[in-house]
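A.B. asks: Below is the file protein-v9.cif, with mmCIF, C-alpha atoms and all ligand atoms.
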```
data_coords
loop_
_atom_site.group_PDB
_atom_site.id
_atom_site.type_symbol
_atom_site.label_atom_id
_atom_site.label_comp_id
_atom_site.auth_asym_id
_atom_site.auth_seq_id
_atom_site.Cartn_x
_atom_site.Cartn_y
_atom_site.Cartn_z
ATOM 1 C CA MET R 20 78.292 49.473 -11.901
ATOM 2 C CA THR R 21 81.830 50.759 -11.655
ATOM 3 C CA LYS R 22 83.493 53.551 -13.485
ATOM 4 C CA PRO R 23 87.017 53.538 -14.924
ATOM 5 C CA ILE R 24 88.706 56.880 -14.313
ATOM 6 C CA SER R 25 91.954 56.530 -16.183
ATOM 7 C CA PRO R 26 92.685 55.115 -19.618
ATOM 8 C CA LEU R 27 96.223 54.368 -18.407
ATOM 9 C CA LEU R 28 96.208 52.997 -14.882
ATOM 10 C CA PRO R 29 93.438 50.429 -14.461
ATOM 11 C CA ILE R 30 91.733 52.088 -11.493
ATOM 12 C CA VAL R 31 88.035 51.834 -10.736
ATOM 13 C CA TYR R 32 85.911 53.571 -8.107
ATOM 14 C CA SER R 33 82.878 51.886 -6.563
ATOM 15 C CA GLU R 34 79.631 53.577 -7.414
ATOM 16 C CA GLU R 35 79.319 54.891 -3.856
ATOM 17 C CA VAL R 36 82.861 56.326 -3.762
ATOM 18 C CA ALA R 37 82.559 57.866 -7.241
ATOM 19 C CA ALA R 38 79.392 59.686 -6.105
ATOM 20 C CA ALA R 39 81.059 60.790 -2.849
ATOM 21 C CA LYS R 40 84.021 62.209 -4.754
ATOM 22 C CA GLN R 41 81.710 64.104 -7.067
ATOM 23 C CA ARG R 42 79.823 65.813 -4.242
ATOM 24 C CA GLY R 43 82.948 66.276 -2.113
ATOM 25 C CA ALA R 44 81.742 64.040 0.717
ATOM 26 C CA PRO R 45 84.185 62.752 3.360
ATOM 27 C CA ILE R 46 85.711 59.371 2.478
ATOM 28 C CA VAL R 47 87.556 56.862 4.676
ATOM 29 C CA ALA R 48 89.941 54.366 3.058
ATOM 30 C CA LEU R 49 90.142 50.791 4.399
ATOM 31 C CA GLU R 50 92.825 48.174 3.742
ATOM 32 C CA SER R 51 92.204 44.627 2.533
ATOM 33 C CA THR R 52 95.149 42.619 3.913
ATOM 34 C CA ILE R 53 93.335 42.640 7.235
ATOM 35 C CA ILE R 54 90.494 40.819 5.410
ATOM 36 C CA THR R 55 92.527 38.216 3.491
ATOM 37 C CA HIS R 56 95.540 37.690 5.759
ATOM 38 C CA GLY R 57 94.567 39.200 9.106
ATOM 39 C CA MET R 58 91.380 37.369 10.063
ATOM 40 C CA PRO R 59 89.740 34.014 9.293
ATOM 41 C CA TYR R 60 86.466 33.708 7.326
ATOM 42 C CA PRO R 61 83.648 34.459 8.191
ATOM 43 C CA GLY R 62 84.835 36.808 10.964
ATOM 44 C CA ASN R 63 86.661 38.818 8.300
ATOM 45 C CA ILE R 64 83.584 39.562 6.154
ATOM 46 C CA GLU R 65 81.459 40.409 9.200
ATOM 47 C CA MET R 66 84.180 42.824 10.288
ATOM 48 C CA ALA R 67 84.566 44.354 6.808
ATOM 49 C CA GLN R 68 80.840 44.892 6.240
ATOM 50 C CA GLY R 69 80.267 46.119 9.791
ATOM 51 C CA VAL R 70 83.089 48.629 9.543
ATOM 52 C CA GLU R 71 81.802 49.995 6.232
ATOM 53 C CA GLU R 72 78.326 50.403 7.725
ATOM 54 C CA LEU R 73 79.702 52.189 10.777
ATOM 55 C CA ILE R 74 81.513 54.711 8.572
ATOM 56 C CA ARG R 75 78.273 55.425 6.705
ATOM 57 C CA GLN R 76 76.440 55.957 10.003
ATOM 58 C CA GLU R 77 79.045 58.564 10.926
ATOM 59 C CA GLY R 78 78.352 60.513 7.744
ATOM 60 C CA ALA R 79 81.337 59.390 5.649
ATOM 61 C CA VAL R 80 81.780 56.937 2.777
ATOM 62 C CA PRO R 81 83.937 53.782 3.075
ATOM 63 C CA ALA R 82 86.473 52.924 0.373
ATOM 64 C CA THR R 83 87.912 49.443 0.828
ATOM 65 C CA ILE R 84 90.971 49.176 -1.405
ATOM 66 C CA ALA R 85 92.218 46.076 -3.253
ATOM 67 C CA VAL R 86 93.652 44.913 -6.557
ATOM 68 C CA ILE R 87 91.249 42.505 -8.288
ATOM 69 C CA ASP R 88 92.439 40.782 -11.479
ATOM 70 C CA GLY R 89 94.890 43.598 -12.112
ATOM 71 C CA VAL R 90 92.463 46.461 -11.489
ATOM 72 C CA LEU R 91 93.007 48.839 -8.576
ATOM 73 C CA HIS R 92 89.664 49.224 -6.839
ATOM 74 C CA ILE R 93 88.908 52.249 -4.669
ATOM 75 C CA GLY R 94 85.802 51.012 -2.894
ATOM 76 C CA LEU R 95 84.416 47.524 -3.453
ATOM 77 C CA GLU R 96 80.897 46.575 -4.467
ATOM 78 C CA LYS R 97 79.153 44.226 -2.024
ATOM 79 C CA HIS R 98 79.811 41.072 -4.062
ATOM 80 C CA GLN R 99 83.474 41.991 -4.564
ATOM 81 C CA LEU R 100 83.974 42.337 -0.823
ATOM 82 C CA GLU R 101 82.301 38.965 -0.249
ATOM 83 C CA THR R 102 84.439 37.263 -2.885
ATOM 84 C CA LEU R 103 87.657 38.795 -1.562
ATOM 85 C CA ALA R 104 86.893 37.628 1.987
ATOM 86 C CA GLN R 105 86.792 34.026 0.721
ATOM 87 C CA THR R 106 89.772 34.272 -1.633
ATOM 88 C CA THR R 107 92.638 32.174 -0.359
ATOM 89 C CA GLY R 108 95.203 32.967 -3.065
ATOM 90 C CA ALA R 109 95.317 36.766 -2.871
ATOM 91 C CA MET R 110 98.794 38.315 -2.766
ATOM 92 C CA LYS R 111 99.651 40.509 0.195
ATOM 93 C CA VAL R 112 100.774 43.665 -1.605
ATOM 94 C CA SER R 113 102.825 46.502 -0.190
ATOM 95 C CA ARG R 114 104.783 49.343 -1.885
ATOM 96 C CA ALA R 115 107.165 46.815 -3.442
ATOM 97 C CA ASP R 116 104.527 44.807 -5.253
ATOM 98 C CA ILE R 117 101.253 46.729 -5.715
ATOM 99 C CA ALA R 118 102.326 47.678 -9.250
ATOM 100 C CA PHE R 119 103.398 44.068 -9.868
ATOM 101 C CA ALA R 120 99.890 42.849 -8.983
ATOM 102 C CA ILE R 121 98.367 45.364 -11.411
ATOM 103 C CA ALA R 122 100.866 44.758 -14.218
ATOM 104 C CA GLU R 123 100.555 40.977 -13.921
ATOM 105 C CA ARG R 124 96.739 41.083 -13.586
ATOM 106 C CA ARG R 125 96.778 39.460 -10.196
ATOM 107 C CA THR R 126 94.513 39.776 -7.174
ATOM 108 C CA GLY R 127 96.199 41.420 -4.233
ATOM 109 C CA ALA R 128 95.128 42.637 -0.816
ATOM 110 C CA THR R 129 96.714 45.946 0.141
ATOM 111 C CA THR R 130 98.721 46.454 3.332
ATOM 112 C CA VAL R 131 98.781 49.766 5.171
ATOM 113 C CA ALA R 132 101.605 50.994 2.901
ATOM 114 C CA ALA R 133 99.881 50.024 -0.353
ATOM 115 C CA THR R 134 96.502 51.312 0.842
ATOM 116 C CA MET R 135 98.108 54.680 1.638
ATOM 117 C CA ILE R 136 99.571 54.851 -1.888
ATOM 118 C CA ALA R 137 96.189 54.059 -3.456
ATOM 119 C CA ALA R 138 94.286 56.424 -1.142
ATOM 120 C CA ALA R 139 96.648 59.310 -1.906
ATOM 121 C CA ARG R 140 96.299 58.571 -5.632
ATOM 122 C CA ALA R 141 92.510 58.806 -5.208
ATOM 123 C CA GLY R 142 92.613 62.002 -3.148
ATOM 124 C CA ILE R 143 91.535 60.285 0.097
ATOM 125 C CA LYS R 144 93.206 61.670 3.207
ATOM 126 C CA VAL R 145 91.939 59.459 6.019
ATOM 127 C CA PHE R 146 92.424 55.708 6.419
ATOM 128 C CA ALA R 147 91.283 53.379 9.210
ATOM 129 C CA THR R 148 92.963 50.084 10.047
ATOM 130 C CA GLY R 149 93.620 47.796 13.011
ATOM 131 C CA GLY R 150 97.349 47.749 13.537
ATOM 132 C CA ILE R 151 100.268 48.935 11.442
ATOM 133 C CA GLY R 152 103.339 46.910 10.630
ATOM 134 C CA GLY R 153 106.481 47.954 12.472
ATOM 135 C CA VAL R 154 109.901 46.910 13.672
ATOM 136 C CA HIS R 155 109.754 43.240 14.617
ATOM 137 C CA ARG R 156 111.314 41.946 17.801
ATOM 138 C CA GLY R 157 114.800 40.747 16.915
ATOM 139 C CA ALA R 158 114.986 43.127 13.931
ATOM 140 C CA GLU R 159 118.664 43.653 14.713
ATOM 141 C CA GLU R 160 119.097 40.066 13.457
ATOM 142 C CA SER R 161 116.256 39.672 10.936
ATOM 143 C CA PHE R 162 116.120 43.262 9.563
ATOM 144 C CA ASP R 163 112.316 42.818 9.525
ATOM 145 C CA ILE R 164 110.948 46.363 9.463
ATOM 146 C CA SER R 165 107.572 46.957 7.810
ATOM 147 C CA ALA R 166 107.354 49.185 4.731
ATOM 148 C CA ASP R 167 104.351 50.766 6.513
ATOM 149 C CA LEU R 168 106.776 52.930 8.511
ATOM 150 C CA THR R 169 108.570 54.414 5.501
ATOM 151 C CA GLU R 170 105.236 54.954 3.774
ATOM 152 C CA LEU R 171 103.950 56.968 6.721
ATOM 153 C CA ALA R 172 107.021 59.184 6.364
ATOM 154 C CA LYS R 173 106.299 59.827 2.676
ATOM 155 C CA THR R 174 102.599 59.761 1.931
ATOM 156 C CA GLY R 175 100.158 62.359 3.229
ATOM 157 C CA VAL R 176 97.410 60.167 4.634
ATOM 158 C CA ILE R 177 96.188 60.119 8.243
ATOM 159 C CA VAL R 178 96.223 56.516 9.467
ATOM 160 C CA ILE R 179 94.048 55.597 12.443
ATOM 161 C CA CYS R 180 95.168 52.416 14.224
ATOM 162 C CA ALA R 181 95.026 50.927 17.730
ATOM 163 C CA GLY R 182 98.744 51.367 18.291
ATOM 164 C CA ALA R 183 101.394 48.774 17.549
ATOM 165 C CA LYS R 184 101.009 45.110 18.385
ATOM 166 C CA ALA R 185 103.328 43.832 21.051
ATOM 167 C CA ILE R 186 104.476 41.156 18.558
ATOM 168 C CA LEU R 187 106.564 44.124 17.419
ATOM 169 C CA ASP R 188 109.340 45.925 19.232
ATOM 170 C CA ILE R 189 107.251 48.964 20.160
ATOM 171 C CA PRO R 190 110.082 51.267 21.357
ATOM 172 C CA LYS R 191 112.027 50.637 18.119
ATOM 173 C CA THR R 192 108.866 51.161 16.069
ATOM 174 C CA LEU R 193 108.342 54.556 17.713
ATOM 175 C CA GLU R 194 112.012 55.451 17.089
ATOM 176 C CA VAL R 195 111.739 54.681 13.371
ATOM 177 C CA LEU R 196 108.558 56.750 13.127
ATOM 178 C CA GLU R 197 110.287 59.660 14.830
ATOM 179 C CA THR R 198 113.247 59.406 12.456
ATOM 180 C CA GLY R 199 110.811 59.506 9.542
ATOM 181 C CA GLY R 200 109.169 62.642 10.905
ATOM 182 C CA VAL R 201 105.852 60.882 11.471
ATOM 183 C CA PRO R 202 103.731 62.431 14.230
ATOM 184 C CA VAL R 203 102.396 59.758 16.566
ATOM 185 C CA VAL R 204 99.268 61.078 18.226
ATOM 186 C CA THR R 205 97.353 59.061 20.801
ATOM 187 C CA TYR R 206 93.677 59.891 21.005
ATOM 188 C CA GLU R 207 92.421 60.878 24.445
ATOM 189 C CA ALA R 208 95.296 59.174 26.316
ATOM 190 C CA THR R 209 98.916 59.880 27.156
ATOM 191 C CA GLU R 210 100.130 56.279 26.926
ATOM 192 C CA PHE R 211 100.741 54.742 23.504
ATOM 193 C CA PRO R 212 98.407 51.718 23.131
ATOM 194 C CA ALA R 213 99.460 48.187 22.156
ATOM 195 C CA PHE R 214 96.620 47.000 19.898
ATOM 196 C CA TRP R 215 94.844 44.308 21.980
ATOM 197 C CA SER R 216 95.851 46.191 25.154
ATOM 198 C CA ARG R 217 95.390 49.829 26.103
ATOM 199 C CA SER R 218 98.801 49.889 27.723
ATOM 200 C CA SER R 219 102.299 49.528 26.240
ATOM 201 C CA GLY R 220 104.195 51.054 29.138
ATOM 202 C CA LEU R 221 105.376 53.798 26.763
ATOM 203 C CA GLN R 222 104.468 57.456 26.722
ATOM 204 C CA SER R 223 102.817 58.649 23.506
ATOM 205 C CA PRO R 224 104.898 61.335 21.752
ATOM 206 C CA LEU R 225 101.748 63.462 21.281
ATOM 207 C CA THR R 226 98.134 63.477 22.477
ATOM 208 C CA LEU R 227 95.014 65.106 21.014
ATOM 209 C CA ASN R 228 91.466 64.953 22.287
ATOM 210 C CA SER R 229 89.189 65.748 19.352
ATOM 211 C CA PRO R 230 88.783 64.923 15.644
ATOM 212 C CA ALA R 231 88.809 68.668 14.913
ATOM 213 C CA ALA R 232 92.208 69.074 16.600
ATOM 214 C CA ILE R 233 93.618 66.178 14.563
ATOM 215 C CA ALA R 234 92.276 67.679 11.324
ATOM 216 C CA ASN R 235 93.708 71.074 12.258
ATOM 217 C CA PHE R 236 97.129 69.548 13.025
ATOM 218 C CA GLN R 237 97.330 67.849 9.618
ATOM 219 C CA THR R 238 96.171 71.008 7.820
ATOM 220 C CA THR R 239 98.888 72.992 9.620
ATOM 221 C CA ARG R 240 101.531 70.465 8.554
ATOM 222 C CA GLU R 241 100.398 70.885 4.958
ATOM 223 C CA GLN R 242 100.539 74.683 5.291
ATOM 224 C CA LEU R 243 104.150 74.294 6.434
ATOM 225 C CA GLY R 244 104.878 72.182 3.365
ATOM 226 C CA ILE R 245 105.580 69.091 5.457
ATOM 227 C CA GLU R 246 104.924 65.966 3.443
ATOM 228 C CA GLY R 247 104.041 62.603 4.823
ATOM 229 C CA GLY R 248 101.351 61.050 6.926
ATOM 230 C CA MET R 249 100.515 60.924 10.559
ATOM 231 C CA LEU R 250 99.665 58.066 12.836
ATOM 232 C CA ILE R 251 96.699 58.303 15.176
ATOM 233 C CA ALA R 252 96.704 55.674 17.909
ATOM 234 C CA ASN R 253 93.225 55.010 19.266
ATOM 235 C CA PRO R 254 93.247 52.775 22.358
ATOM 236 C CA VAL R 255 90.909 49.755 22.238
ATOM 237 C CA PRO R 256 87.806 50.314 24.423
ATOM 238 C CA GLU R 257 88.347 49.103 27.996
ATOM 239 C CA GLU R 258 85.567 46.518 27.863
ATOM 240 C CA ASP R 259 87.192 44.819 24.832
ATOM 241 C CA GLU R 260 90.857 44.851 25.788
ATOM 242 C CA ILE R 261 93.068 41.912 26.716
ATOM 243 C CA PRO R 262 95.474 43.170 29.394
ATOM 244 C CA ARG R 263 99.144 43.524 28.516
ATOM 245 C CA GLU R 264 100.473 40.928 30.992
ATOM 246 C CA GLU R 265 98.083 38.311 29.639
ATOM 247 C CA MET R 266 98.865 39.114 25.982
ATOM 248 C CA GLU R 267 102.594 38.841 26.659
ATOM 249 C CA ILE R 268 102.232 35.107 27.401
ATOM 250 C CA TYR R 269 100.474 34.400 24.082
ATOM 251 C CA ILE R 270 102.830 36.640 22.129
ATOM 252 C CA SER R 271 105.987 34.967 23.476
ATOM 253 C CA ARG R 272 104.573 31.565 22.593
ATOM 254 C CA ALA R 273 103.560 32.681 19.079
ATOM 255 C CA ILE R 274 107.005 34.167 18.432
ATOM 256 C CA ALA R 275 108.684 30.971 19.661
ATOM 257 C CA ASN R 276 106.466 28.944 17.311
ATOM 258 C CA ALA R 277 107.327 31.227 14.375
ATOM 259 C CA GLU R 278 111.031 30.822 15.097
ATOM 260 C CA ARG R 279 110.758 27.053 15.382
ATOM 261 C CA GLU R 280 108.878 26.868 12.083
ATOM 262 C CA GLU R 281 111.341 29.334 10.500
ATOM 263 C CA VAL R 282 108.611 31.710 9.286
ATOM 264 C CA THR R 283 110.126 34.767 7.568
ATOM 265 C CA GLY R 284 109.299 37.819 5.433
ATOM 266 C CA LYS R 285 105.715 38.670 4.560
ATOM 267 C CA ALA R 286 104.437 35.539 6.247
ATOM 268 C CA VAL R 287 105.515 36.620 9.738
ATOM 269 C CA THR R 288 102.643 38.998 10.646
ATOM 270 C CA PRO R 289 99.825 36.716 9.350
ATOM 271 C CA TYR R 290 101.438 33.700 11.070
ATOM 272 C CA LEU R 291 101.654 35.441 14.443
ATOM 273 C CA LEU R 292 98.083 36.770 14.211
ATOM 274 C CA ASP R 293 96.728 33.311 13.393
ATOM 275 C CA ASN R 294 98.784 31.700 16.161
ATOM 276 C CA ILE R 295 97.563 34.219 18.727
ATOM 277 C CA PHE R 296 93.986 33.680 17.546
ATOM 278 C CA ARG R 297 94.370 29.960 18.339
ATOM 279 C CA LEU R 298 96.196 30.504 21.622
ATOM 280 C CA THR R 299 93.450 32.842 22.869
ATOM 281 C CA SER R 300 90.656 30.536 21.579
ATOM 282 C CA GLY R 301 89.390 33.297 19.326
ATOM 283 C CA ARG R 302 89.326 36.023 21.949
ATOM 284 C CA SER R 303 92.023 38.028 20.132
ATOM 285 C CA LEU R 304 89.755 38.180 17.078
ATOM 286 C CA LYS R 305 86.873 39.644 19.095
ATOM 287 C CA THR R 306 89.208 42.313 20.407
ATOM 288 C CA ASN R 307 90.622 42.885 16.925
ATOM 289 C CA ILE R 308 87.147 43.469 15.475
ATOM 290 C CA ALA R 309 86.182 45.799 18.333
ATOM 291 C CA LEU R 310 89.280 47.951 17.871
ATOM 292 C CA VAL R 311 88.888 48.202 14.091
ATOM 293 C CA ARG R 312 85.316 49.391 14.600
ATOM 294 C CA ASN R 313 86.488 51.912 17.158
ATOM 295 C CA ASN R 314 89.087 53.172 14.659
ATOM 296 C CA ALA R 315 86.594 53.370 11.798
ATOM 297 C CA ARG R 316 84.334 55.570 13.894
ATOM 298 C CA LEU R 317 87.151 57.966 14.780
ATOM 299 C CA ALA R 318 88.406 58.005 11.180
ATOM 300 C CA ALA R 319 84.969 59.001 9.924
ATOM 301 C CA GLU R 320 84.825 61.809 12.492
ATOM 302 C CA ILE R 321 88.253 63.057 11.363
ATOM 303 C CA ALA R 322 87.243 62.875 7.678
ATOM 304 C CA VAL R 323 84.105 64.886 8.466
ATOM 305 C CA ALA R 324 86.179 67.433 10.456
ATOM 306 C CA LEU R 325 88.685 67.784 7.576
ATOM 307 C CA ASN R 326 85.803 68.554 5.249
ATOM 308 C CA GLY R 327 84.291 71.212 7.494
HETATM 309 N N1 LIG R 401 98.254 43.994 11.843
HETATM 310 C C1 LIG R 401 97.068 43.387 12.084
HETATM 311 N N2 LIG R 401 96.383 42.850 11.061
HETATM 312 C C2 LIG R 401 96.865 42.914 9.789
HETATM 313 C C3 LIG R 401 98.112 43.588 9.548
HETATM 314 C C4 LIG R 401 98.764 44.101 10.586
HETATM 315 O O1 LIG R 401 96.631 43.304 13.212
HETATM 316 O O2 LIG R 401 96.210 42.397 8.885
HETATM 317 C C5 LIG R 401 98.598 43.729 8.130
HETATM 318 C C6 LIG R 401 98.423 45.179 7.664
HETATM 319 O O3 LIG R 401 97.975 45.158 6.334
HETATM 320 C C7 LIG R 401 99.830 45.739 7.726
HETATM 321 C C8 LIG R 401 100.633 44.508 7.370
HETATM 322 O O4 LIG R 401 100.053 46.798 6.829
HETATM 323 O O5 LIG R 401 99.979 43.445 8.063
HETATM 324 C C9 LIG R 401 102.065 44.622 7.790
HETATM 325 O O6 LIG R 401 102.758 43.540 7.254
HETATM 326 P P1 LIG R 401 104.350 43.560 7.239
HETATM 327 O O7 LIG R 401 104.740 43.505 8.683
HETATM 328 O O8 LIG R 401 104.716 42.329 6.479
HETATM 329 O O9 LIG R 401 104.757 44.833 6.552
HETATM 330 MN MN MN R 402 107.951 42.314 7.491
#
```
Can I see the file as structure tokens?
C.D. replies:
Amino acid sequence: MTKPISPLLPIVYSEEVAAAKQRGAPIVALESTIITHGMPYPGNIEMAQGVEELIRQEGAVPATIAVIDGVLHIGLEKHQLETLAQTTGAMKVSRADIAFAIAERRTGATTVAATMIAAARAGIKVFATGGIGGVHRGAEESFDISADLTELAKTGVIVICAGAKAILDIPKTLEVLETGGVPVVTYEATEFPAFWSRSSGLQSPLTLNSPAAIANFQTTREQLGIEGGMLIANPVPEEDEIPREEMEIYISRAIANAEREEVTGKAVTPYLLDNIFRLTSGRSLKTNIALVRNNARLAAEIAVALNG
């Protein structure tokens, strides 16, 4: 059973999220592009279900966000999640096209940017993902800069990720975030992490060591009237990481392949992720799942702290 909340915008809350909103329970938003475009089946559904369960264990409620047949869903029922994980034709929707997917009654998986828009619309302040989009290497030629960065500057949602993938230009990504006034806070470390690796070689702009401190920081920003989100970088656990030097070999090869095959636009990130998955014989996926779980746990703790 789902419940429509607006006669205008076709938006529907899952039963679990509707109940959580009613009693004021902490909620953690989750994106769906990671399910449809970020990981192969069945690893993607195992990840998605496992992450939701982990959030429940931490005392919060998961809200996976997606557009299904033109309806914006805040929280998916079990069968909807299963169907989405096996859907091959879903659009990858960001700020530019989330409304298109709704207006044209399409099915679309939301990126970080689109998930932030939907979460804010639903009053959800905390969102867990794997990695954000950023400034791609060679952006001075391709102009490929993810809409995730501008969304973070605008929309007041706390996004928990494992840093920025080294398929991106990490120094440029941090520069764009700084320009947008987005706080970049690394959790319990002073070095900004690089997704599969704990190390990027770059100092994190800020560091905080507890969910309560993160919640307090965001509340203080709101008291100052500062709009926009913040990025929490949560380093992948040591036992799951693939060291930076090793990743660099796979990443260079994947980027060379993308260039040779002239992959551009929205297809770039999914192409590189899939290529790296093959080059590492699936090891990158194991690390990816471990870091998303680690982020979901921290996100739930932050959501609980914000509520307290
Ligand atoms: N990084 C991952 N997995 C993903 C993505 C990024 O490790 O699935 C997805 C996220 O949804 C992110 C999007 O918001 O890719 C960024 O795409 P683009 O670079 O086209 O903006
Ligand atoms: Mn892009």
A.B. asks: What are the centre and edge lengths in Å, to one decimal, of the axis-aligned box around all listed atoms of range 128-138 of chain R with 5 Å added on each side, as JSON?
C.D. replies:
```
{"center_x": 97.9, "center_y": 49.5, "center_z": 0.9, "size_x": 17.3, "size_y": 23.8, "size_z": 18.6}
```
A.B. asks: Residues within 12 Å of ligand MN 402 (chain R), counting only C-alpha atoms and all ligand atoms: report them as an mmCIF file with C-alpha atoms, in the frame of the given file.
C.D. replies:
```cif
data_model
loop_
_atom_site.group_PDB
_atom_site.id
_atom_site.type_symbol
_atom_site.label_atom_id
_atom_site.label_comp_id
_atom_site.auth_asym_id
_atom_site.auth_seq_id
_atom_site.Cartn_x
_atom_site.Cartn_y
_atom_site.Cartn_z
ATOM 1 C CA LYS R 111 99.651 40.509 0.195
ATOM 2 C CA VAL R 112 100.774 43.665 -1.605
ATOM 3 C CA SER R 113 102.825 46.502 -0.190
ATOM 4 C CA ALA R 115 107.165 46.815 -3.442
ATOM 5 C CA THR R 130 98.721 46.454 3.332
ATOM 6 C CA ALA R 132 101.605 50.994 2.901
ATOM 7 C CA ILE R 151 100.268 48.935 11.442
ATOM 8 C CA GLY R 152 103.339 46.910 10.630
ATOM 9 C CA GLY R 153 106.481 47.954 12.472
ATOM 10 C CA VAL R 154 109.901 46.910 13.672
ATOM 11 C CA HIS R 155 109.754 43.240 14.617
ATOM 12 C CA ARG R 156 111.314 41.946 17.801
ATOM 13 C CA GLY R 157 114.800 40.747 16.915
ATOM 14 C CA ALA R 158 114.986 43.127 13.931
ATOM 15 C CA SER R 161 116.256 39.672 10.936
ATOM 16 C CA PHE R 162 116.120 43.262 9.563
ATOM 17 C CA ASP R 163 112.316 42.818 9.525
ATOM 18 C CA ILE R 164 110.948 46.363 9.463
ATOM 19 C CA SER R 165 107.572 46.957 7.810
ATOM 20 C CA ALA R 166 107.354 49.185 4.731
ATOM 21 C CA ASP R 167 104.351 50.766 6.513
ATOM 22 C CA LEU R 168 106.776 52.930 8.511
ATOM 23 C CA ILE R 186 104.476 41.156 18.558
ATOM 24 C CA LEU R 187 106.564 44.124 17.419
ATOM 25 C CA VAL R 282 108.611 31.710 9.286
ATOM 26 C CA THR R 283 110.126 34.767 7.568
ATOM 27 C CA GLY R 284 109.299 37.819 5.433
ATOM 28 C CA LYS R 285 105.715 38.670 4.560
ATOM 29 C CA ALA R 286 104.437 35.539 6.247
ATOM 30 C CA VAL R 287 105.515 36.620 9.738
ATOM 31 C CA THR R 288 102.643 38.998 10.646
ATOM 32 C CA PRO R 289 99.825 36.716 9.350
ATOM 33 C CA TYR R 290 101.438 33.700 11.070
ATOM 34 C CA LEU R 291 101.654 35.441 14.443
#
```
A.B. asks: Taking the file above as input, evaluate the PyMOL selection byres (((chain R and resi 45-58) around 7) and not hetatm) and report the hits as a ChimeraX atom specification.
C.D. replies: /R:43-44,59-60,62-63,79-85,104,111,128-131,134,138,143,145-148,289,292,318-319,322-323,326
A.B. asks: Dump C-alpha atoms for the selected residues as a PDB file, in the coordinates of the input?
C.D. replies:
```
ATOM      1  CA  GLY R  43      82.948  66.276  -2.113  1.00  0.00           C
ATOM      2  CA  ALA R  44      81.742  64.040   0.717  1.00  0.00           C
ATOM      3  CA  PRO R  59      89.740  34.014   9.293  1.00  0.00           C
ATOM      4  CA  TYR R  60      86.466  33.708   7.326  1.00  0.00           C
ATOM      5  CA  GLY R  62      84.835  36.808  10.964  1.00  0.00           C
ATOM      6  CA  ASN R  63      86.661  38.818   8.300  1.00  0.00           C
ATOM      7  CA  ALA R  79      81.337  59.390   5.649  1.00  0.00           C
ATOM      8  CA  VAL R  80      81.780  56.937   2.777  1.00  0.00           C
ATOM      9  CA  PRO R  81      83.937  53.782   3.075  1.00  0.00           C
ATOM     10  CA  ALA R  82      86.473  52.924   0.373  1.00  0.00           C
ATOM     11  CA  THR R  83      87.912  49.443   0.828  1.00  0.00           C
ATOM     12  CA  ILE R  84      90.971  49.176  -1.405  1.00  0.00           C
ATOM     13  CA  ALA R  85      92.218  46.076  -3.253  1.00  0.00           C
ATOM     14  CA  ALA R 104      86.893  37.628   1.987  1.00  0.00           C
ATOM     15  CA  LYS R 111      99.651  40.509   0.195  1.00  0.00           C
ATOM     16  CA  ALA R 128      95.128  42.637  -0.816  1.00  0.00           C
ATOM     17  CA  THR R 129      96.714  45.946   0.141  1.00  0.00           C
ATOM     18  CA  THR R 130      98.721  46.454   3.332  1.00  0.00           C
ATOM     19  CA  VAL R 131      98.781  49.766   5.171  1.00  0.00           C
ATOM     20  CA  THR R 134      96.502  51.312   0.842  1.00  0.00           C
ATOM     21  CA  ALA R 138      94.286  56.424  -1.142  1.00  0.00           C
ATOM     22  CA  ILE R 143      91.535  60.285   0.097  1.00  0.00           C
ATOM     23  CA  VAL R 145      91.939  59.459   6.019  1.00  0.00           C
ATOM     24  CA  PHE R 146      92.424  55.708   6.419  1.00  0.00           C
ATOM     25  CA  ALA R 147      91.283  53.379   9.210  1.00  0.00           C
ATOM     26  CA  THR R 148      92.963  50.084  10.047  1.00  0.00           C
ATOM     27  CA  PRO R 289      99.825  36.716   9.350  1.00  0.00           C
ATOM     28  CA  LEU R 292      98.083  36.770  14.211  1.00  0.00           C
ATOM     29  CA  ALA R 318      88.406  58.005  11.180  1.00  0.00           C
ATOM     30  CA  ALA R 319      84.969  59.001   9.924  1.00  0.00           C
ATOM     31  CA  ALA R 322      87.243  62.875   7.678  1.00  0.00           C
ATOM     32  CA  VAL R 323      84.105  64.886   8.466  1.00  0.00           C
ATOM     33  CA  ASN R 326      85.803  68.554   5.249  1.00  0.00           C
TER      34      ASN R 326
END
```
A.B. asks: Given the file shown, enumerate the residues that the PyMOL selection byres (((chain R and resi 181) around 10) and not hetatm) captures and present them as an NGL selection string.
C.D. replies: :R and (147-151 or 179-180 or 182-184 or 205-206 or 211-217 or 250-256 or 307 or 310-311 or 313-314)
A.B. asks: Which residue out of R:Ser223, R:Thr306, R:Thr209, R:Thr239 has the minimum interatomic distance to ligand LIG 401 (chain R) when only C-alpha atoms and all ligand atoms are used?
C.D. replies: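 Ranking R:Ser223, R:Thr306, R:Thr209, R:Thr239 by distance to ligand LIG 401 (chain R), first place goes to R:Thr306.
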A.B. asks: Between R:Thr238, R:Ser218, R:Thr169, R:Thr107, which is the closest to ligand LIG 401 (chain R) once you count only C-alpha atoms and all ligand atoms?
C.D. replies: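 Smallest separation from ligand LIG 401 (chain R) among the options: R:Thr169.
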A.B. asks: Give the answer as one residue: which of R:Arg42, R:Asp188, R:Ser271, R:Val31 has the shortest atom-to-atom distance to Glu159 in chain R, using all atoms listed in the file?
C.D. replies: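 Of all the options, R:Asp188 lies closest to Glu159 in chain R.
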A.B. asks: Could you tell me which of R:Pro262, R:Pro61, R:Gly127, R:Pro224 comes closest to ligand LIG 401 (chain R) if we count all atoms listed in the file?
C.D. replies: R:Gly127
A.B. asks: Exactly which residues make up the result of the PyMOL selection byres (((chain R and resi 233) around 10) and not hetatm) on this file, given as a list in words?
C.D. replies: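 Selected by the PyMOL selection byres (((chain R and resi 233) around 10) and not hetatm) in this file: Ile177, Val204, Tyr206, Thr226, Leu227, Asn228, Ser229, Pro230, Ala231, Ala232, Ala234, Asn235, Phe236, Gln237, Thr238, Thr239, Met249, Ile251, Ile321, Ala322, Ala324 and Leu325 of chain R.
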